[in-house]
Each structure stands twice: as structure tokens, then as C-alpha cells.
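Source file: work.cif (mmCIF, C-alpha atoms and all ligand atoms)
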data_model
#
loop_
_atom_site.group_PDB
_atom_site.id
_atom_site.type_symbol
_atom_site.label_atom_id
_atom_site.label_comp_id
_atom_site.auth_asym_id
_atom_site.auth_seq_id
_atom_site.Cartn_x
_atom_site.Cartn_y
_atom_site.Cartn_z
ATOM 1 C CA MET A 1 196.417 184.764 -35.050
ATOM 2 C CA ILE A 2 198.438 182.248 -37.039
ATOM 3 C CA THR A 3 196.966 179.123 -38.639
ATOM 4 C CA ILE A 4 198.879 175.875 -38.764
ATOM 5 C CA GLY A 5 197.562 173.199 -41.083
ATOM 6 C CA ILE A 6 198.261 169.508 -40.693
ATOM 7 C CA LEU A 7 198.109 168.088 -44.187
ATOM 8 C CA ASP A 8 195.454 165.398 -44.002
ATOM 9 C CA LEU A 9 195.918 163.331 -47.144
ATOM 10 C CA GLN A 10 197.610 160.251 -45.673
ATOM 11 C CA GLY A 11 199.853 159.304 -42.744
ATOM 12 C CA ASP A 12 200.079 160.006 -39.007
ATOM 13 C CA VAL A 13 198.064 163.209 -39.013
ATOM 14 C CA SER A 14 196.342 162.963 -35.609
ATOM 15 C CA GLU A 15 199.635 162.646 -33.727
ATOM 16 C CA HIS A 16 200.906 165.873 -35.328
ATOM 17 C CA PHE A 17 197.611 167.586 -34.563
ATOM 18 C CA GLU A 18 197.874 166.653 -30.872
ATOM 19 C CA ILE A 19 201.535 167.570 -30.372
ATOM 20 C CA THR A 20 201.107 170.859 -32.259
ATOM 21 C CA LYS A 21 198.267 171.877 -29.936
ATOM 22 C CA ARG A 22 200.273 170.792 -26.905
ATOM 23 C CA THR A 23 203.328 172.748 -28.063
ATOM 24 C CA LEU A 24 201.294 175.910 -28.668
ATOM 25 C CA ASP A 25 199.822 175.648 -25.164
ATOM 26 C CA LYS A 26 203.278 175.173 -23.683
ATOM 27 C CA MET A 27 204.610 178.213 -25.582
ATOM 28 C CA GLY A 28 201.549 180.289 -24.765
ATOM 29 C CA VAL A 29 200.981 181.005 -28.465
ATOM 30 C CA GLU A 30 197.436 181.408 -29.712
ATOM 31 C CA ALA A 31 196.902 179.709 -33.045
ATOM 32 C CA ARG A 32 194.389 177.772 -35.049
ATOM 33 C CA VAL A 33 195.365 174.184 -35.807
ATOM 34 C CA LEU A 34 193.427 172.580 -38.647
ATOM 35 C CA LYS A 35 193.559 169.325 -40.557
ATOM 36 C CA VAL A 36 193.632 170.448 -44.191
ATOM 37 C CA LYS A 37 192.839 168.516 -47.372
ATOM 38 C CA THR A 38 192.223 171.061 -50.144
ATOM 39 C CA ALA A 39 194.270 173.763 -51.883
ATOM 40 C CA THR A 40 191.881 176.429 -50.553
ATOM 41 C CA GLU A 41 192.283 175.241 -46.963
ATOM 42 C CA VAL A 42 196.075 175.108 -47.374
ATOM 43 C CA SER A 43 196.108 178.650 -48.824
ATOM 44 C CA GLU A 44 194.646 179.932 -45.536
ATOM 45 C CA CYS A 45 197.547 178.527 -43.468
ATOM 46 C CA ASN A 46 200.764 180.248 -42.368
ATOM 47 C CA GLY A 47 202.485 176.928 -41.759
ATOM 48 C CA ILE A 48 201.889 173.392 -42.982
ATOM 49 C CA ILE A 49 203.028 170.139 -41.394
ATOM 50 C CA ILE A 50 203.513 167.143 -43.662
ATOM 51 C CA SER A 51 203.553 163.937 -41.642
ATOM 52 C CA GLY A 52 205.112 160.564 -42.159
ATOM 53 C CA GLY A 53 203.316 158.177 -44.473
ATOM 54 C CA GLU A 54 204.037 157.217 -48.047
ATOM 55 C CA SER A 55 205.706 160.116 -49.823
ATOM 56 C CA THR A 56 204.784 158.833 -53.305
ATOM 57 C CA VAL A 57 201.081 158.762 -52.373
ATOM 58 C CA ILE A 58 201.084 162.074 -50.503
ATOM 59 C CA GLY A 59 203.040 163.751 -53.333
ATOM 60 C CA LYS A 60 200.682 162.488 -56.024
ATOM 61 C CA LEU A 61 197.651 163.735 -54.071
ATOM 62 C CA MET A 62 199.321 167.094 -53.357
ATOM 63 C CA LYS A 63 199.946 167.534 -57.056
ATOM 64 C CA GLU A 64 196.453 166.492 -58.163
ATOM 65 C CA THR A 65 194.718 168.746 -55.610
ATOM 66 C CA GLY A 66 196.840 171.796 -56.488
ATOM 67 C CA ILE A 67 198.236 171.878 -52.944
ATOM 68 C CA MET A 68 201.812 171.703 -54.224
ATOM 69 C CA ASP A 69 201.381 174.855 -56.284
ATOM 70 C CA VAL A 70 199.784 176.741 -53.392
ATOM 71 C CA ILE A 71 202.585 175.880 -50.936
ATOM 72 C CA VAL A 72 205.326 176.811 -53.388
ATOM 73 C CA ASN A 73 203.673 179.989 -54.754
ATOM 74 C CA GLN A 74 202.525 181.368 -51.399
ATOM 75 C CA LYS A 75 205.861 180.559 -49.735
ATOM 76 C CA ILE A 76 204.127 178.804 -46.825
ATOM 77 C CA ALA A 77 206.496 177.520 -44.088
ATOM 78 C CA VAL A 78 206.626 173.725 -44.106
ATOM 79 C CA MET A 79 207.677 171.181 -41.512
ATOM 80 C CA GLY A 80 208.146 167.748 -43.071
ATOM 81 C CA THR A 81 208.734 164.614 -41.054
ATOM 82 C CA CYS A 82 209.913 161.364 -42.638
ATOM 83 C CA ALA A 83 207.795 161.173 -45.829
ATOM 84 C CA GLY A 84 207.403 164.949 -45.352
ATOM 85 C CA MET A 85 211.198 165.333 -45.470
ATOM 86 C CA VAL A 86 211.256 163.503 -48.806
ATOM 87 C CA LEU A 87 208.513 165.803 -50.128
ATOM 88 C CA LEU A 88 210.394 168.959 -49.089
ATOM 89 C CA SER A 89 213.501 167.912 -51.025
ATOM 90 C CA LYS A 90 214.604 168.952 -54.487
ATOM 91 C CA GLU A 91 215.703 165.461 -55.419
ATOM 92 C CA SER A 92 214.936 161.915 -54.299
ATOM 93 C CA ASP A 93 216.590 158.653 -55.317
ATOM 94 C CA TYR A 94 213.116 157.708 -56.584
ATOM 95 C CA GLU A 95 211.084 159.428 -59.336
ATOM 96 C CA GLN A 96 208.176 161.171 -57.564
ATOM 97 C CA PRO A 97 206.459 164.574 -57.270
ATOM 98 C CA LEU A 98 208.349 166.842 -54.840
ATOM 99 C CA LEU A 99 207.912 170.362 -53.459
ATOM 100 C CA GLY A 100 211.608 171.077 -54.020
ATOM 101 C CA LEU A 101 211.729 173.701 -51.255
ATOM 102 C CA ILE A 102 214.954 172.478 -49.644
ATOM 103 C CA ASP A 103 218.058 172.030 -51.737
ATOM 104 C CA MET A 104 218.932 168.450 -50.824
ATOM 105 C CA LYS A 105 218.950 164.975 -52.306
ATOM 106 C CA VAL A 106 217.290 162.349 -50.141
ATOM 107 C CA LYS A 107 217.624 158.612 -50.008
ATOM 108 C CA ARG A 108 214.319 156.958 -49.176
ATOM 109 C CA ASN A 109 214.293 154.084 -46.659
ATOM 110 C CA GLY A 110 217.919 155.046 -46.114
ATOM 111 C CA PHE A 111 218.660 152.988 -43.016
ATOM 112 C CA GLY A 112 218.169 149.579 -44.635
ATOM 113 C CA ARG A 113 215.728 146.724 -44.182
ATOM 114 C CA GLN A 114 216.940 145.321 -40.893
ATOM 115 C CA LYS A 115 216.681 148.777 -39.392
ATOM 116 C CA ALA A 116 213.201 149.503 -40.719
ATOM 117 C CA SER A 117 212.204 150.966 -37.388
ATOM 118 C CA PHE A 118 214.372 152.046 -34.441
ATOM 119 C CA GLU A 119 214.961 154.718 -31.837
ATOM 120 C CA ASP A 120 218.277 156.429 -31.336
ATOM 121 C CA GLU A 121 219.680 159.432 -29.555
ATOM 122 C CA ILE A 122 220.735 162.414 -31.608
ATOM 123 C CA GLU A 123 221.941 165.861 -30.697
ATOM 124 C CA ILE A 124 219.888 168.778 -31.946
ATOM 125 C CA PHE A 125 219.796 172.486 -30.947
ATOM 126 C CA GLY A 126 222.528 171.719 -28.410
ATOM 127 C CA GLY A 127 220.502 169.098 -26.545
ATOM 128 C CA LYS A 128 219.931 165.359 -26.536
ATOM 129 C CA TYR A 129 216.866 164.144 -28.378
ATOM 130 C CA ARG A 130 215.399 160.671 -28.837
ATOM 131 C CA GLY A 131 214.491 160.167 -32.487
ATOM 132 C CA VAL A 132 211.926 157.622 -33.681
ATOM 133 C CA PHE A 133 212.910 156.388 -37.148
ATOM 134 C CA ILE A 134 210.475 154.366 -39.285
ATOM 135 C CA ARG A 135 211.662 153.438 -42.770
ATOM 136 C CA ALA A 136 213.377 156.777 -42.557
ATOM 137 C CA PRO A 137 215.040 158.731 -45.333
ATOM 138 C CA TYR A 138 218.217 160.766 -44.890
ATOM 139 C CA ALA A 139 219.830 163.525 -46.907
ATOM 140 C CA LEU A 140 222.661 162.347 -49.146
ATOM 141 C CA LYS A 141 223.747 165.918 -49.838
ATOM 142 C CA THR A 142 222.539 169.433 -49.085
ATOM 143 C CA GLY A 143 223.026 172.814 -50.732
ATOM 144 C CA ALA A 144 225.423 175.355 -49.210
ATOM 145 C CA ASP A 145 222.570 177.455 -47.740
ATOM 146 C CA VAL A 146 220.873 174.561 -45.988
ATOM 147 C CA ASP A 147 221.468 174.216 -42.231
ATOM 148 C CA VAL A 148 222.266 170.688 -41.150
ATOM 149 C CA LEU A 149 220.660 170.400 -37.705
ATOM 150 C CA ALA A 150 221.477 166.785 -36.844
ATOM 151 C CA LYS A 151 223.261 163.679 -38.044
ATOM 152 C CA LEU A 152 223.019 160.062 -36.988
ATOM 153 C CA HIS A 153 226.021 157.836 -37.696
ATOM 154 C CA GLY A 154 227.225 160.493 -40.154
ATOM 155 C CA LYS A 155 223.906 160.611 -42.025
ATOM 156 C CA ILE A 156 221.979 163.899 -42.213
ATOM 157 C CA VAL A 157 218.661 163.436 -40.398
ATOM 158 C CA ALA A 158 217.439 166.998 -39.791
ATOM 159 C CA VAL A 159 217.805 170.174 -41.850
ATOM 160 C CA ALA A 160 216.406 173.688 -41.976
ATOM 161 C CA TYR A 161 216.202 176.179 -44.799
ATOM 162 C CA GLU A 162 214.469 179.567 -44.609
ATOM 163 C CA HIS A 163 211.284 178.827 -42.632
ATOM 164 C CA HIS A 164 211.216 175.132 -43.512
ATOM 165 C CA VAL A 165 212.379 172.238 -41.363
ATOM 166 C CA ALA A 166 212.694 168.565 -42.296
ATOM 167 C CA THR A 167 213.424 165.563 -40.089
ATOM 168 C CA SER A 168 214.031 161.914 -40.954
ATOM 169 C CA PHE A 169 212.486 160.957 -37.639
ATOM 170 C CA HIS A 170 208.977 161.341 -36.195
ATOM 171 C CA PRO A 171 208.769 164.102 -33.548
ATOM 172 C CA GLU A 172 204.990 163.541 -33.374
ATOM 173 C CA LEU A 173 205.586 160.082 -31.878
ATOM 174 C CA THR A 174 207.429 161.383 -28.824
ATOM 175 C CA ASP A 175 206.512 163.692 -25.929
ATOM 176 C CA ASP A 176 209.415 165.977 -26.769
ATOM 177 C CA THR A 177 208.116 169.200 -28.317
ATOM 178 C CA THR A 178 211.538 170.605 -29.333
ATOM 179 C CA ILE A 179 211.032 170.301 -33.092
ATOM 180 C CA HIS A 180 207.477 171.633 -33.072
ATOM 181 C CA GLU A 181 208.607 174.589 -30.928
ATOM 182 C CA TYR A 182 211.280 175.389 -33.479
ATOM 183 C CA PHE A 183 208.773 175.243 -36.348
ATOM 184 C CA ILE A 184 206.139 177.371 -34.591
ATOM 185 C CA LYS A 185 208.795 180.047 -33.967
ATOM 186 C CA GLU A 186 209.611 179.969 -37.695
ATOM 187 C CA VAL A 187 205.928 180.358 -38.610
ATOM 188 C CA LEU A 188 205.670 183.326 -36.232
ATOM 189 C CA LYS A 189 208.696 184.932 -37.963
ATOM 190 C CA CYS A 190 206.938 184.581 -41.343
ATOM 191 C CA VAL A 191 203.972 186.660 -40.251
ATOM 192 C CA GLU A 192 205.903 189.335 -38.314
HETATM 193 N N1 LIG A 201 209.774 155.511 -46.612
HETATM 194 C C1 LIG A 201 208.615 156.339 -46.655
HETATM 195 C C2 LIG A 201 208.625 157.217 -47.884
HETATM 196 O O1 LIG A 201 209.642 157.484 -48.447
HETATM 197 C C3 LIG A 201 208.542 157.208 -45.432
HETATM 198 C C4 LIG A 201 208.225 156.392 -44.207
HETATM 199 C C5 LIG A 201 207.585 157.188 -43.122
HETATM 200 O O2 LIG A 201 207.107 158.296 -43.330
HETATM 201 N N2 LIG A 201 207.475 156.597 -41.964
HETATM 202 O O3 LIG A 201 207.574 157.650 -48.280
#
Could you spell out this file's structure in C-alpha cells?
Amino acid sequence: MITIGILDLQGDVSEHFEITKRTLDKMGVEARVLKVKTATEVSECNGIIISGGESTVIGKLMKETGIMDVIVNQKIAVMGTCAGMVLLSKESDYEQPLLGLIDMKVKRNGFGRQKASFEDEIEIFGGKYRGVFIRAPYALKTGADVDVLAKLHGKIVAVAYEHHVATSFHPELTDDTTIHEYFIKEVLKCVE
């Protein structure tokens, strides 16, 4: 049975916990879903979800607790949403600790002040999807091997690389389980 950890250092952890459980039920996949706070707990997971929040704070705590090293060394699949997308990147427009698992440069708070929070329709995996954006980052550039999954007004808002997936928006704040389904399938591939 796979274990999916919701990183519980800061941010909207409960929402990810709920939608992950709901998605697993819908898919008929048996898995443990745990809120994780320590490097040991993270090391027991096959997939980790990093929620929205403050990427500088989450990154600092991930570094101090040794969680960053565990994720990178054990090659754990990561889904990062909003602040989590920033943390997955190799480079940010701000100096901060990063996992560096996806070759991309992100711009934090990339949609400007007046658009601090908004919803908009994007197209992802061939379907329409309503994205919730809150002080969202976007990718300024991505490496050749990175899959760009979605753009909004020409800005890259969702990417995938190996078993990792990053979104500018907050899939945990909608009822649409598309993104979580994608990630769970990736985690299952990792343990095959
Ligand atoms: N702007 C925040 C950051 O870069 C992310 C905001 C969010 O996760 N809602 O950390």
C-alpha cells in the first residue's frame, strides 16, 4: 500500500488531506494519507504534497528539519501547489531554500498586486479546469525536459517532470480532483 504525506509545516494542509482522501476513494486506490512534520515521517512516504502557504517559511523549516535532504535523496514524488511550486523549482526570483527538483525559474507573486487572488479557467489534460490563484507564482522558463501542462494568459501555471507536478493554483480549494488523480497515478508508477 502506498503512503502519501501532506507536509504539515505551514499552509493549507487540511484541504489537501481531505481532497487526497476523496480522490483515492474515487479512484478505488488503497493508500495511507498522513500529515507529516519530520524527516523520518517523510522518509516513509512514497509521495509528498506541499501545499500553498509561505514558501520562504516552509523552505526554511524543510531545510532545518532535514526534510529537504530526505525528499531529494530518496527521490520521493512531489506535488507542489502555489508555494509548493516555488519550492519544487531550481530557481526563484527571490533568494530562498529550494528543492530544485524541477528545472524551472519561478516568479513569486507573479500575477501582480491587484490580482492577488482570482479564479480563471485553464485547459489542462485536454479538459477545462477552474484554477484558484492566490498570490500565485508562475514559471518564467522551464528546462527542455519539463512538460508544460497549462498556461494562463501565456504564463506557465502547471508543469510536470518525472513523477513531480507543480501548479500555480490551488487544486485543494476546488472539488475537481483532476490534479490529485494525476499525482496519485504518478506515485503508483514510482512503486511499480
Ligand atoms: N506567494 C507565496 C509564496 O511565494 C505563495 C502563496 C500561496 O501559496 N498561496 O510563498
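Once only C-alpha atoms and all ligand atoms are used for the distance check, the residues close to ligand LIG 201 (chain A) at 7 Å turn out to be A:Ser51, A:Gly52, A:Gly53, A:Glu54, A:Ser55, A:Thr56, A:Thr81, A:Cys82, A:Ala83, A:Gly84, A:Val86, A:Arg108, A:Asn109, A:Ile134, A:Arg135, A:Ala136, A:Pro137.
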(request) Could you give me, as a list in words, the residues within 8 Å of region 180-183 of chain A, counting all atoms listed in the file and dropping anything in the same chain fewer than 6 positions from it? (result) Ile19, Thr20, Thr23, Leu24, Met27, Met79, His163, His164, Val165 and Pro171 of chain A
(request) Find the residues near Glu44 (chain A): any atom within 9 Å, counting all atoms listed in the file, skip ones fewer than 3 places away on the same chain, and give them as a list in words. (result) Thr3, Ile4, Gly5, Ala39, Thr40 and Glu41 of chain A
(request) For each of A:Asp25, A:Glu123, A:Glu30, A:Asp8, take the minimum atom-to-atom distance to Ala158 (chain A), counting all atoms listed in the file, then give the residue where this is smallest. (result)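 That would be A:Glu123, the residue with the smallest distance to Ala158 (chain A).
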(request) Just give me the gap between CA of Phe169 (chain A) and CA of Met85 (chain A) in Å, one decimal is fine. (result) 9.1 Å
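With only C-alpha atoms as the atoms that count, the minimum distance from Glu15 (chain A) to the choices A:Met1, A:Ile49, A:Ile122, A:Met62 is reached by A:Ile49.
In terms of minimum interatomic distance to Glu172 (chain A), A:Asp12 ranks closest within A:Leu7, A:Asp12, A:Lys35, A:Lys189, counting all atoms listed in the file.
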I'd like to see the residues matched by the PyMOL selection byres (((chain A and resi 129) around 12) and not hetatm) on this file, and ideally I'd get them as a compact mmCIF listing (two decimals) with C-alpha atoms, in the coordinates of the input.
# COMPACT_ATOMS: atom_id res chain seq x y z
CA GLU A 119 214.96 154.72 -31.84
CA ASP A 120 218.28 156.43 -31.34
CA GLU A 121 219.68 159.43 -29.56
CA ILE A 122 220.74 162.41 -31.61
CA GLU A 123 221.94 165.86 -30.70
CA ILE A 124 219.89 168.78 -31.95
CA PHE A 125 219.80 172.49 -30.95
CA GLY A 126 222.53 171.72 -28.41
CA GLY A 127 220.50 169.10 -26.54
CA LYS A 128 219.93 165.36 -26.54
CA ARG A 130 215.40 160.67 -28.84
CA GLY A 131 214.49 160.17 -32.49
CA VAL A 132 211.93 157.62 -33.68
CA LEU A 149 220.66 170.40 -37.70
CA ALA A 150 221.48 166.78 -36.84
CA LYS A 151 223.26 163.68 -38.04
CA LEU A 152 223.02 160.06 -36.99
CA ALA A 158 217.44 167.00 -39.79
CA PHE A 169 212.49 160.96 -37.64
CA HIS A 170 208.98 161.34 -36.20
CA PRO A 171 208.77 164.10 -33.55
CA THR A 174 207.43 161.38 -28.82
CA ASP A 175 206.51 163.69 -25.93
CA ASP A 176 209.42 165.98 -26.77
CA THR A 177 208.12 169.20 -28.32
CA THR A 178 211.54 170.60 -29.33
CA ILE A 179 211.03 170.30 -33.09
(request) In Å, rounded to a single decimal, give me how far CA of Leu61 (chain A) is from CA of Lys21 (chain A). (result)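 Between these atoms lies a distance of 25.5 Å.
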(request) Enumerate, as a VMD selection string, the residues matched when the PyMOL selection byres (((chain A and resi 75) around 10) and not hetatm) is run on the file above. (result) chain A and resid 43 46 to 47 69 to 74 76 to 78 101 163 to 164 190
How about saving the chosen residues, C-alpha atoms kept, as a CSV table (one decimal), in the frame of the given file?
chain,number,residue,atom,x,y,z
A,43,SER,CA,196.1,178.6,-48.8
A,46,ASN,CA,200.8,180.2,-42.4
A,47,GLY,CA,202.5,176.9,-41.8
A,69,ASP,CA,201.4,174.9,-56.3
A,70,VAL,CA,199.8,176.7,-53.4
A,71,ILE,CA,202.6,175.9,-50.9
A,72,VAL,CA,205.3,176.8,-53.4
A,73,ASN,CA,203.7,180.0,-54.8
A,74,GLN,CA,202.5,181.4,-51.4
A,76,ILE,CA,204.1,178.8,-46.8
A,77,ALA,CA,206.5,177.5,-44.1
A,78,VAL,CA,206.6,173.7,-44.1
A,101,LEU,CA,211.7,173.7,-51.3
A,163,HIS,CA,211.3,178.8,-42.6
A,164,HIS,CA,211.2,175.1,-43.5
A,190,CYS,CA,206.9,184.6,-41.3
(request) State, in Å with one decimal place, the distance from CA of Ala160 (chain A) to CA of Asp147 (chain A). (result)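 Separation between CA of Ala160 (chain A) and CA of Asp147 (chain A): 5.1 Å.
Using only C-alpha atoms, the smallest distance between any of A:Leu34, A:Ile6, A:Val191, A:Leu98 and Met68 (chain A) comes from A:Leu98.
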(request) Around the point (224.5, 167.1, -52.9), in the coordinates given by the file, pick out the residues reaching within 10 Å, counting all atoms listed in the file, and return them as a list of chain:residue names. (result) A:Glu91, A:Asp103, A:Met104, A:Lys105, A:Val106, A:Ala139, A:Leu140, A:Lys141, A:Thr142, A:Gly143, A:Ala144
Would you mind exporting C-alpha atoms of the selected residues as a PDB file, keeping the file's coordinate frame?
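again_1.pdb, freshly written:
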ATOM      1  CA  GLU A  91     215.703 165.461 -55.419  1.00  0.00           C
ATOM      2  CA  ASP A 103     218.058 172.030 -51.737  1.00  0.00           C
ATOM      3  CA  MET A 104     218.932 168.450 -50.824  1.00  0.00           C
ATOM      4  CA  LYS A 105     218.950 164.975 -52.306  1.00  0.00           C
ATOM      5  CA  VAL A 106     217.290 162.349 -50.141  1.00  0.00           C
ATOM      6  CA  ALA A 139     219.830 163.525 -46.907  1.00  0.00           C
ATOM      7  CA  LEU A 140     222.661 162.347 -49.146  1.00  0.00           C
ATOM      8  CA  LYS A 141     223.747 165.918 -49.838  1.00  0.00           C
ATOM      9  CA  THR A 142     222.539 169.433 -49.085  1.00  0.00           C
ATOM     10  CA  GLY A 143     223.026 172.814 -50.732  1.00  0.00           C
ATOM     11  CA  ALA A 144     225.423 175.355 -49.210  1.00  0.00           C
TER      12      ALA A 144
END
(request) Check the smallest atom-to-atom distance from each of A:Pro97, A:Ser168, A:Gln10, A:Ile156 to Phe118 (chain A) using all atoms listed in the file, then report the winner. (result)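 Ranked by minimum distance to Phe118 (chain A), first place goes to A:Ser168.
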(message) Let me make sure I understand: among A:Val157, A:Ile102, A:Ala116, A:Cys45, which one has the smallest atom-to-atom distance to Ala31 (chain A) if we use all atoms listed in the file?
(response) A:Cys45
Around region 172-184 of chain A, with edges along x, y and z and 3 Å added on all six sides, what centre and edge lengths do you get, in Å to one decimal, as lines of an AutoDock Vina configuration file?
center_x = 208.3
center_y = 168.7
center_z = -31.1
size_x = 12.5
size_y = 23.3
size_z = 16.4
